[in-house]
>>> print(open('query34.cif').read())   # mmCIF, C-alpha atoms
data_start
#
loop_
_atom_site.label_atom_id
_atom_site.label_comp_id
_atom_site.auth_asym_id
_atom_site.auth_seq_id
_atom_site.Cartn_x
_atom_site.Cartn_y
_atom_site.Cartn_z
CA MET H 257 16.20 -15.91 32.58
CA GLY H 258 18.14 -15.53 29.35
CA SER H 259 21.94 -15.63 29.21
CA PRO H 260 23.93 -12.37 28.93
CA ARG H 261 24.18 -12.81 25.16
CA THR H 262 20.46 -13.37 24.62
CA LEU H 263 19.18 -10.78 22.16
CA HIS H 264 17.17 -7.72 23.08
CA TRP H 265 14.33 -6.92 20.67
CA LEU H 266 13.26 -3.46 19.50
CA LEU H 267 9.94 -3.91 17.69
CA VAL H 268 8.74 -0.76 15.92
CA SER H 269 5.31 -0.59 14.31
CA PHE H 270 3.55 2.11 12.32
CA ASP H 271 -0.10 2.66 11.47
CA GLN H 272 -0.86 2.83 7.75
CA TRP H 273 2.69 2.89 6.30
CA ARG H 274 2.52 1.50 2.76
CA GLY H 275 5.01 -1.28 2.17
CA ASP H 276 6.00 0.17 -1.21
CA TRP H 277 6.88 3.62 0.22
CA VAL H 278 10.40 3.02 1.55
CA GLU H 279 13.07 2.72 -1.13
CA ARG H 280 11.80 5.48 -3.40
CA PRO H 281 14.76 7.84 -3.90
CA GLU H 282 12.69 11.00 -3.37
CA LEU H 283 11.64 9.95 0.16
CA LYS H 284 13.75 11.43 2.96
CA LEU H 285 14.17 8.28 5.06
CA PRO H 286 17.90 7.97 5.83
CA ASN H 287 17.54 5.89 9.01
CA LEU H 288 15.07 3.38 7.63
CA LYS H 289 16.93 3.00 4.33
CA ARG H 290 20.25 2.52 6.16
CA LEU H 291 18.70 -0.18 8.34
CA ALA H 292 17.08 -1.84 5.32
CA ARG H 293 20.53 -2.25 3.74
CA ARG H 294 21.46 -4.49 6.69
CA SER H 295 18.15 -6.31 7.07
CA LEU H 296 15.92 -8.97 5.67
CA VAL H 297 13.18 -7.06 3.84
CA ALA H 298 9.86 -8.54 2.74
CA GLU H 299 9.06 -6.43 -0.30
CA ARG H 300 5.50 -7.72 -0.56
CA CYS H 301 4.26 -8.35 2.95
CA ILE H 302 0.48 -8.82 3.02
CA THR H 303 -1.54 -7.79 6.07
CA ALA H 304 -4.01 -10.22 7.63
CA SER H 305 -6.67 -7.54 7.08
CA PRO H 306 -6.68 -4.03 5.56
CA GLN H 307 -8.19 -2.46 8.70
CA CYS H 308 -6.64 -1.70 12.09
CA VAL H 309 -8.62 -3.80 14.56
CA PRO H 310 -8.51 -7.19 12.76
CA ALA H 311 -4.93 -6.66 11.55
CA ARG H 312 -3.66 -5.79 15.03
CA ALA H 313 -5.52 -8.64 16.71
CA SER H 314 -3.97 -11.03 14.20
CA TRP H 315 -0.38 -9.75 14.36
CA LEU H 316 -0.17 -10.31 18.13
CA THR H 317 -1.93 -13.69 18.23
CA GLY H 318 -1.01 -15.23 14.88
CA LEU H 319 -4.69 -16.17 14.44
CA TRP H 320 -6.84 -15.28 11.46
CA PRO H 321 -9.28 -12.40 11.99
CA SER H 322 -12.20 -14.76 11.29
CA ASP H 323 -10.92 -17.10 14.02
CA LEU H 324 -11.05 -14.15 16.41
CA GLY H 325 -14.50 -13.11 15.17
CA VAL H 326 -13.43 -9.67 13.93
CA THR H 327 -12.95 -9.10 10.18
CA ARG H 328 -13.48 -5.32 10.10
CA ASN H 329 -13.17 -2.35 12.47
CA THR H 330 -15.68 -2.67 15.28
CA ASP H 331 -15.81 -2.47 19.08
CA PHE H 332 -13.75 -5.56 19.89
CA THR H 333 -11.79 -6.64 22.94
CA LEU H 334 -9.05 -9.18 22.44
CA PRO H 335 -9.42 -11.82 25.19
CA GLY H 336 -6.53 -11.72 27.64
CA SER H 337 -6.12 -15.49 27.26
CA SER H 338 -5.45 -15.19 23.51
CA PRO H 339 -2.14 -16.49 22.13
CA SER H 340 0.54 -13.78 22.31
CA PHE H 341 4.13 -13.86 21.09
CA VAL H 342 4.84 -11.16 23.70
CA ARG H 343 3.69 -13.46 26.51
CA SER H 344 5.87 -16.22 25.05
CA MET H 345 8.88 -13.90 25.23
CA GLN H 346 7.97 -12.90 28.78
CA GLN H 347 7.71 -16.53 29.87
CA LYS H 348 11.18 -17.20 28.44
CA GLY H 349 12.68 -14.43 30.57
CA TRP H 350 12.35 -11.24 28.52
CA GLU H 351 11.31 -8.01 30.19
CA THR H 352 8.45 -6.69 28.06
CA ALA H 353 7.25 -3.13 27.57
CA LEU H 354 4.92 -1.27 25.20
CA ILE H 355 4.75 2.43 24.32
CA GLY H 356 2.12 3.60 21.84
CA LYS H 357 -1.03 2.36 20.14
CA THR H 358 -2.46 -1.16 20.49
CA HIS H 359 -6.19 -1.04 19.59
CA TRP H 360 -6.82 -4.41 21.25
CA HIS H 361 -9.88 -2.96 22.99
CA PRO H 362 -12.46 -0.30 22.00
CA HIS H 363 -11.24 3.29 21.82
CA THR H 364 -14.68 4.83 22.34
CA ALA H 365 -15.54 8.24 23.74
CA GLY H 366 -14.85 8.66 27.45
CA VAL H 367 -12.67 5.56 27.82
CA ASP H 368 -9.51 5.89 29.92
CA LEU H 369 -6.94 3.62 28.29
CA ARG H 370 -5.13 3.14 31.59
CA ASP H 371 -8.13 1.17 32.82
CA LYS H 372 -7.12 -1.54 30.30
CA ASN H 373 -3.65 -2.15 31.76
CA GLU H 374 -4.82 -5.47 33.20
CA LEU H 375 -5.61 -6.72 29.68
CA LEU H 376 -2.14 -5.74 28.48
CA GLU H 377 -0.60 -7.52 31.47
CA GLN H 378 -2.57 -10.66 30.57
CA LEU H 379 -1.23 -10.43 27.01
CA GLY H 380 2.32 -10.43 28.35
CA PHE H 381 3.43 -6.83 28.94
CA ASP H 382 5.23 -6.06 32.17
CA LYS H 383 4.64 -2.35 31.60
CA ALA H 384 2.66 -0.35 29.06
CA VAL H 385 2.03 3.29 28.19
CA GLU H 386 -0.87 3.14 25.75
CA ILE H 387 -2.29 5.87 23.56
CA ALA H 388 -4.96 5.85 20.84
CA GLY H 389 -4.79 6.77 17.18
CA PRO H 390 -5.03 10.40 16.05
CA ARG H 391 -8.81 10.49 15.68
CA ALA H 392 -9.62 8.58 18.87
CA LEU H 393 -7.31 10.87 20.86
CA ALA H 394 -10.02 13.51 20.56
CA GLU H 395 -12.34 11.34 22.68
CA VAL H 396 -10.34 9.08 25.04
CA HIS H 397 -8.10 9.73 28.03
CA CYS H 398 -4.51 8.59 28.45
CA ASP H 399 -1.11 9.91 29.53
CA LEU H 400 -0.80 11.94 26.32
CA THR H 401 -4.17 13.70 26.64
CA ASP H 402 -3.30 14.47 30.28
CA ALA H 403 -0.09 16.06 29.01
CA TRP H 404 -2.16 18.16 26.58
CA GLU H 405 -4.33 19.47 29.40
CA ASP H 406 -1.32 20.12 31.65
CA TYR H 407 0.25 22.16 28.86
CA GLN H 408 -2.92 24.12 28.06
CA PRO H 409 -6.36 23.48 29.61
CA GLY H 410 -8.91 22.84 26.88
CA LEU H 411 -6.32 21.68 24.33
CA GLN H 412 -8.10 18.36 23.78
CA ASP H 413 -11.32 20.28 23.01
CA ARG H 414 -9.44 22.44 20.50
CA TYR H 415 -7.92 19.31 18.94
CA ARG H 416 -11.42 17.79 18.62
CA GLU H 417 -12.75 20.94 16.96
CA ASP H 418 -9.83 20.96 14.54
CA LEU H 419 -10.58 17.35 13.53
CA GLU H 420 -14.25 18.12 13.01
CA GLU H 421 -13.35 21.00 10.70
CA ARG H 422 -10.84 18.87 8.76
CA TYR H 423 -13.43 16.17 8.05
CA HIS H 424 -16.32 18.57 7.41
CA HIS H 425 -18.59 17.78 4.42
CA GLY H 426 -16.91 14.45 3.69
CA ALA H 427 -13.69 15.96 2.35
CA PRO H 428 -10.96 14.55 4.62
CA TRP H 429 -8.09 15.50 2.30
CA ARG H 430 -7.50 18.90 3.88
CA VAL H 431 -3.77 19.35 4.50
CA ARG H 432 -2.37 21.70 7.14
CA PRO H 433 0.00 21.36 10.13
CA SER H 434 -1.30 20.14 13.47
CA ILE H 435 -2.44 22.63 16.11
CA LEU H 436 -0.57 20.61 18.76
CA PRO H 437 2.71 21.88 20.20
CA HIS H 438 5.69 20.10 18.68
CA HIS H 439 6.60 17.95 21.72
CA LEU H 440 2.97 16.82 22.21
CA TYR H 441 2.38 15.63 18.65
CA PRO H 442 1.54 11.90 19.15
CA ASP H 443 4.42 10.39 17.14
CA ILE H 444 6.99 12.77 18.63
CA TRP H 445 5.68 12.11 22.15
CA VAL H 446 5.87 8.33 21.62
CA GLY H 447 9.38 8.65 20.19
CA GLU H 448 10.54 10.67 23.19
CA LYS H 449 8.99 8.27 25.72
CA ALA H 450 10.56 5.27 24.00
CA SER H 451 13.98 6.95 23.72
CA ASN H 452 13.88 7.75 27.44
CA TRP H 453 13.01 4.11 28.18
CA LEU H 454 16.05 2.97 26.19
CA LYS H 455 18.32 5.52 27.90
CA ARG H 456 17.19 4.36 31.33
CA LYS H 457 17.62 0.71 30.38
CA GLY H 458 21.22 1.09 29.22
CA LYS H 459 23.25 -2.09 29.28
CA CYS H 460 21.66 -4.92 31.19
CA GLU H 461 21.99 -8.67 31.49
CA ARG H 462 18.29 -9.49 31.28
CA PRO H 463 16.96 -9.41 27.70
CA TRP H 464 14.14 -7.01 26.93
CA LEU H 465 11.43 -6.52 24.32
CA LEU H 466 10.33 -2.93 23.73
CA TRP H 467 7.38 -2.53 21.34
CA VAL H 468 7.21 1.06 20.11
CA SER H 469 3.88 1.48 18.32
CA PHE H 470 3.63 4.82 16.50
CA PRO H 471 0.09 6.02 15.63
CA GLY H 472 1.31 7.60 12.36
CA PRO H 473 1.34 8.03 9.42
CA HIS H 474 -2.42 7.59 9.88
CA GLU H 475 -4.48 10.57 8.72
CA PRO H 476 -5.43 13.42 9.34
CA TRP H 477 -2.93 15.04 7.01
CA ASP H 478 -1.41 17.24 9.69
CA THR H 479 2.37 16.78 9.64
CA PRO H 480 3.87 19.53 11.84
CA ARG H 481 6.75 21.79 10.97
CA PRO H 482 9.66 21.50 10.34
CA TRP H 483 8.70 18.35 8.42
CA ALA H 484 5.66 19.91 6.72
CA GLY H 485 6.57 20.83 3.17
CA LEU H 486 9.73 18.71 2.88
CA HIS H 487 8.43 16.88 -0.18
CA GLU H 488 6.27 19.52 -1.85
CA LYS H 489 8.86 20.13 -4.59
CA PHE H 490 9.57 16.44 -5.24
CA GLN H 491 7.94 14.44 -8.01
CA LEU H 492 6.31 11.78 -5.88
CA PRO H 493 4.71 8.73 -7.53
CA GLN H 494 1.30 9.49 -8.96
CA ALA H 495 -1.80 7.72 -7.71
CA ALA H 496 -2.71 4.60 -9.64
CA PRO H 497 -5.79 4.94 -11.86
CA GLN H 498 -9.01 3.20 -10.94
CA PRO H 499 -9.18 -0.32 -12.43
CA ASN H 500 -11.92 -0.41 -15.05
CA TRP H 501 -13.35 -3.67 -13.65
CA ILE H 502 -14.53 -2.07 -10.39
CA THR H 503 -17.69 -0.61 -11.97
CA GLY H 504 -18.75 -4.14 -12.91
CA GLN H 505 -18.46 -5.44 -9.35
CA PRO H 506 -21.63 -6.23 -7.37
CA GLU H 507 -22.48 -3.55 -4.81
CA ILE H 508 -21.61 -5.95 -1.97
CA SER H 509 -17.99 -5.99 -3.21
CA GLU H 510 -15.69 -3.98 -0.95
CA CYS H 511 -13.98 -2.38 -3.96
CA ARG H 512 -17.35 -1.31 -5.34
CA LYS H 513 -18.29 0.08 -1.90
CA ARG H 514 -15.09 2.15 -1.91
CA GLN H 515 -15.97 3.51 -5.36
CA LEU H 516 -19.40 4.59 -4.15
CA GLN H 517 -17.93 6.00 -0.92
CA TRP H 518 -15.45 8.17 -2.83
CA SER H 519 -17.82 9.34 -5.55
CA ASN H 520 -16.92 12.88 -4.41
CA THR H 521 -13.47 12.40 -5.90
CA PRO H 522 -10.70 14.81 -4.88
CA SER H 523 -8.82 16.66 -7.59
CA ASP H 524 -5.37 15.64 -8.79
CA GLN H 525 -3.94 18.62 -6.89
CA GLU H 526 -5.63 17.53 -3.65
CA ILE H 527 -4.36 13.97 -4.06
CA ALA H 528 -0.84 15.28 -4.73
CA ALA H 529 -1.01 17.42 -1.57
CA VAL H 530 -2.06 14.41 0.52
CA ARG H 531 0.74 12.27 -0.90
CA ALA H 532 3.29 15.01 -0.17
CA ASP H 533 2.04 15.35 3.42
CA TYR H 534 2.17 11.56 3.83
CA ALA H 535 5.80 11.60 2.65
CA ASP H 536 6.52 14.42 5.13
CA HIS H 537 5.01 12.33 7.92
CA LEU H 538 7.23 9.38 6.96
CA ALA H 539 10.25 11.69 7.30
CA LEU H 540 9.07 12.69 10.79
CA LEU H 541 8.75 9.02 11.74
CA ASP H 542 12.17 8.24 10.28
CA ASP H 543 13.65 10.87 12.59
CA GLN H 544 11.92 9.21 15.56
CA LEU H 545 13.39 5.87 14.48
CA GLY H 546 16.79 7.55 14.35
CA LEU H 547 16.41 8.64 17.99
CA LEU H 548 15.57 5.07 19.03
CA LEU H 549 18.61 3.68 17.22
CA GLU H 550 20.81 6.40 18.73
CA HIS H 551 19.83 5.38 22.25
CA LEU H 552 20.43 1.65 21.87
CA ALA H 553 23.09 0.89 24.50
CA GLU H 554 23.84 -2.52 22.97
CA PRO H 555 23.18 -2.37 19.22
CA GLU H 556 25.36 -5.44 18.67
CA ARG H 557 22.94 -7.37 20.90
CA THR H 558 19.62 -5.92 19.71
CA ALA H 559 17.39 -7.34 16.99
CA ILE H 560 15.22 -4.76 15.26
CA THR H 561 11.93 -5.49 13.51
CA ILE H 562 9.89 -2.83 11.71
CA VAL H 563 6.34 -3.39 10.48
CA SER H 564 3.08 -1.59 9.73
CA ASP H 565 -0.43 -2.94 10.27
CA HIS H 566 -1.59 -2.25 6.67
CA GLY H 567 -1.23 0.34 3.92
CA GLU H 568 -3.01 3.51 2.76
CA LEU H 569 -4.42 4.02 -0.74
CA LEU H 570 -3.42 7.72 -0.98
CA GLY H 571 -5.69 8.39 -3.92
CA ASP H 572 -5.08 5.11 -5.78
CA GLY H 573 -8.26 4.50 -7.74
CA GLY H 574 -9.56 7.82 -6.39
CA PHE H 575 -9.76 6.24 -2.90
CA PHE H 576 -8.24 7.12 0.46
CA TYR H 577 -7.68 4.98 3.57
CA LYS H 578 -7.68 1.17 3.07
CA SER H 579 -10.62 -1.29 3.53
CA CYS H 580 -10.22 -3.30 0.33
CA PHE H 581 -7.70 -5.61 -1.32
CA LEU H 582 -6.05 -3.14 -3.70
CA GLU H 583 -2.26 -3.31 -3.37
CA GLY H 584 -1.76 0.01 -1.61
CA ALA H 585 -4.10 -1.10 1.18
CA VAL H 586 -2.84 -4.63 1.83
CA ARG H 587 0.94 -4.19 1.54
CA SER H 588 2.65 -3.68 4.89
CA LEU H 589 6.12 -2.56 5.86
CA ALA H 590 8.21 -5.54 7.03
CA MET H 591 11.93 -5.79 7.77
CA HIS H 592 14.00 -7.66 10.34
CA HIS H 593 17.58 -6.98 11.40
CA ARG H 594 19.50 -9.55 13.40
CA PRO H 595 22.87 -8.24 14.63
CA SER H 596 25.95 -10.06 13.35
CA ALA H 597 23.78 -12.16 11.04
CA TRP H 598 23.41 -9.91 8.00
CA ASN H 599 25.57 -7.09 6.72
CA ARG H 600 23.64 -6.55 3.50
CA ALA H 601 20.02 -6.43 2.44
CA ARG H 602 18.21 -9.66 1.71
CA SER H 603 14.97 -9.01 -0.12
CA TRP H 604 12.02 -11.32 -0.55
CA GLN H 605 9.90 -10.76 -3.62
CA LYS H 606 7.77 -13.75 -2.71
CA PRO H 607 4.72 -12.55 -0.72
CA VAL H 608 4.63 -13.30 3.00
CA GLY H 609 1.91 -12.79 5.58
CA LEU H 610 2.41 -10.06 8.17
CA SER H 611 1.32 -12.19 11.15
CA TRP H 612 3.56 -15.01 9.97
CA PHE H 613 6.48 -12.59 9.58
CA LEU H 614 6.08 -11.28 13.14
CA SER H 615 5.75 -14.72 14.70
CA LYS H 616 8.88 -15.94 12.89
CA ALA H 617 10.78 -12.79 13.87
CA ALA H 618 9.90 -13.56 17.51
CA GLU H 619 11.20 -17.11 17.09
CA ASP H 620 14.37 -15.76 15.49
CA VAL H 621 15.01 -13.44 18.45
CA ARG H 622 14.44 -16.28 20.89
CA GLY H 623 16.90 -18.45 18.96
CA CYS H 624 14.30 -21.04 17.99
CA HIS H 625 14.43 -20.71 14.20
CA ARG H 626 16.20 -18.30 11.88
CA LEU H 627 13.79 -16.21 9.84
CA SER H 628 14.00 -17.58 6.30
CA ARG H 629 11.92 -17.18 3.17
CA ASN H 630 12.21 -20.93 2.67
CA GLN H 631 9.85 -21.35 5.63
CA SER H 632 7.09 -19.18 4.17
CA PRO H 633 3.98 -20.65 2.48
CA ASN H 634 3.64 -20.47 -1.29
CA PHE H 635 0.58 -18.22 -1.04
CA VAL H 636 -0.80 -15.66 1.39
CA LEU H 637 -4.32 -14.99 2.67
CA SER H 638 -5.98 -11.80 3.87
CA GLU H 639 -9.52 -11.27 5.19
CA PHE H 640 -11.85 -8.30 5.24
CA GLY H 641 -15.58 -8.28 5.93
CA GLU H 642 -17.06 -11.15 3.93
CA GLU H 643 -14.15 -11.35 1.48
CA LEU H 644 -10.99 -13.42 1.22
CA LEU H 645 -7.83 -12.57 -0.72
CA VAL H 646 -5.54 -15.34 -1.97
CA THR H 647 -2.28 -14.20 -3.57
CA ASP H 648 1.05 -15.61 -4.65
CA LEU H 649 3.93 -14.21 -6.66
CA TYR H 650 1.93 -14.05 -9.87
CA ARG H 651 -1.75 -13.46 -9.19
CA LYS H 652 -4.41 -12.16 -6.83
CA LEU H 653 -7.84 -13.71 -6.41
CA VAL H 654 -10.67 -12.30 -4.29
CA MET H 655 -13.80 -14.24 -3.40
CA ASN H 656 -16.56 -14.05 -0.84
CA TYR H 657 -17.10 -16.68 1.81
CA SER H 658 -19.74 -18.34 -0.35
CA GLY H 659 -16.96 -19.17 -2.79
CA GLU H 660 -18.11 -16.67 -5.44
CA LEU H 661 -15.20 -15.18 -7.40
CA LEU H 662 -15.33 -11.36 -7.32
CA TRP H 663 -12.15 -10.37 -9.13
CA ALA H 664 -8.71 -11.61 -10.07
CA VAL H 665 -5.52 -9.90 -11.28
CA ASP H 666 -2.49 -11.23 -13.13
CA LEU H 667 0.42 -9.47 -11.33
CA LYS H 668 2.75 -10.05 -14.28
#
>>> encode(input="query34.cif", output="structure tokens")
Amino acid sequence: MGSPRTLHWLLVSFDQWRGDWVERPELKLPNLKRLARRSLVAERCITASPQCVPARASWLTGLWPSDLGVTRNTDFTLPGSSPSFVRSMQQKGWETALIGKTHWHPHTAGVDLRDKNELLEQLGFDKAVEIAGPRALAEVHCDLTDAWEDYQPGLQDRYREDLEERYHHGAPWRVRPSILPHHLYPDIWVGEKASNWLKRKGKCERPWLLWVSFPGPHEPWDTPRPWAGLHEKFQLPQAAPQPNWITGQPEISECRKRQLQWSNTPSDQEIAAVRADYADHLALLDDQLGLLLEHLAEPERTAITIVSDHGELLGDGGFFYKSCFLEGAVRSLAMHHRPSAWNRARSWQKPVGLSWFLSKAAEDVRGCHRLSRNQSPNFVLSEFGEELLVTDLYRKLVMNYSGELLWAVDLK
């Protein structure tokens, strides 16, 4: 068991938070920005894969998606014997808990996520309260969907119908507040559960790791009031134009596939509405982070790491979601605060890998090695489907696994 001064670790993750949407002055993110001023911030953190399942399998295990046999979203179960930095913490004496989304097993219709608790125990969690992402919550069962039905029988059916209407006719950019009651909105529910866990924990000798995994800001674009509309009068950054080289890509290229997928391009007004709703959702999540920080009984003894699994294109190139190697899709949120170590921001402009960042943050909390940019490789890799991204500070290169160059960009 760790000594009384061994660090606690609050690990907070988000789904689809772009790494470049933090320090913009128009974004209402007081808690995250305040923490960033006292943290080590990786300005260009590159996900292991721009889709949830491979990215999340990689960030827990430290393995490449191709090593795990999953390079795109599919029905995949992470073996319980896989490497896990959480299990390593547990074995060194940390109490480990999870509240939120994992996606380390299939979230298919009819599944009860509580039936997968044994897998989470094998991966190193003493306790877990797991939920799915916003779209899968229409089909699976968990503590949150039970709470929906307790509040109003048939609410999950109404939620499913609302999603079907939002995504009708291949136009998923419809923006309107969620039909869910405020306290049962997934991110608010997760924030409340995690805050209660921290309040109950209080001050304790044994070190703990609490992983709070928010399912937002993943679409649908349904930020509830009072956050809905916070950014509608702000001049948010415009979507990047589509690179002219995409039309010359072979049709097997993931960028070319995205272009064909989004041939029904939304208008500039629709893209602007989505970006404003996304900013509103970030403000909601920042408030949840504020609640977690408020309920830390021992902030001087608690390391805090904040990451996201990948980005969201938000209309860049006329595309939504992720699933390619454009910057908005592959850049993740990544910051690490170690109490008493830093009292000002330390930014890395050099790219770092998300899985590497998390594994080194775990080592830093355990006292093995301080997290330092000097440890990071000179280039970063990311995988998706049959493609491989190689990037450093100055360039990006994308090839397929046959070694054929698909595209390259000079970042300068």
>>> closest_residue(input="query34.cif", among="H:Trp360, H:Trp404, H:Trp483, H:Tyr415", to="Trp445 in chain H", atoms="only C-alpha atoms")
H:Trp404
>>> residues_around(input="query34.cif", residues="Thr330 in chain H", least_positions_apart="5", cutoff="10 Å", atoms="only C-alpha atoms", output="number ranges by chain")
H: 307-310, 361-363
>>> residues_around(input="query34.cif", residues="Pro480 in chain H", least_positions_apart="3", cutoff="10 Å", atoms="all atoms listed in the file", output="list in words")
Arg432, Pro433, Ser434, Ile435, Leu436, Pro437, His438, Tyr441, Trp477, Trp483, Ala484, Gly485, Asp533, Asp536, His537 and Leu540 of chain H
>>> closest_residue(input="query34.cif", among="H:Glu299, H:Glu377, H:Asp368, H:Glu421", to="Cys398 in chain H", atoms="all atoms listed in the file")
H:Asp368
>>> atom_distance(input="query34.cif", atom1="CA of Asp443 in chain H", atom2="CA of Leu541 in chain H")
7.1 Å
>>> resolve_selection(input="query34.cif", expression="the PyMOL selection byres ((chain H and resi 287) around 8)", output="ChimeraX atom specification")
/H:285-286,288-291,542-543,545-546
>>> resolve_selection(input="query34.cif", expression="the PyMOL selection byres ((chain H and resi 559) around 7)", output="list in words")
Leu263, His264, Trp265, Leu266, Arg557, Thr558, Ile560, Thr561, His593, Arg594, Pro595 and Val621 of chain H
>>> resolve_selection(input="query34.cif", expression="the PyMOL selection byres ((chain H and resi 512) around 12)", output="ChimeraX atom specification")
/H:498-511,513-519,573,575,579-582,662-663
>>> closest_residue(input="query34.cif", among="H:Met345, H:Ala353, H:Val654, H:Leu283", to="Pro493 in chain H", atoms="all atoms listed in the file")
H:Leu283
>>> atom_distance(input="query34.cif", atom1="CA of Glu448 in chain H", atom2="CA of Ala529 in chain H")
28.1 Å
>>> closest_residue(input="query34.cif", among="H:Arg391, H:Lys459, H:His592, H:Lys383", to="Ala365 in chain H", atoms="only C-alpha atoms")
H:Arg391
>>> closest_residue(input="query34.cif", among="H:Asn520, H:Ser305, H:Glu475, H:Asp406", to="Gly426 in chain H", atoms="only C-alpha atoms")
H:Asn520
>>> atom_distance(input="query34.cif", atom1="CA of Lys652 in chain H", atom2="CA of Pro633 in chain H")
15.1 Å
>>> closest_residue(input="query34.cif", among="H:Phe332, H:Trp429, H:Gly623, H:Glu461", to="Gly571 in chain H", atoms="all atoms listed in the file")
H:Trp429
>>> residues_around(input="query34.cif", residues="Leu667 in chain H", least_positions_apart="6", cutoff="12 Å", atoms="only C-alpha atoms", output="ChimeraX atom specification")
/H:582-583,607,647-653
>>> residues_around(input="query34.cif", residues="Phe341 in chain H", least_positions_apart="3", cutoff="8 Å", atoms="all atoms listed in the file", output="number ranges by chain")
H: 316-317, 344-345, 615, 618
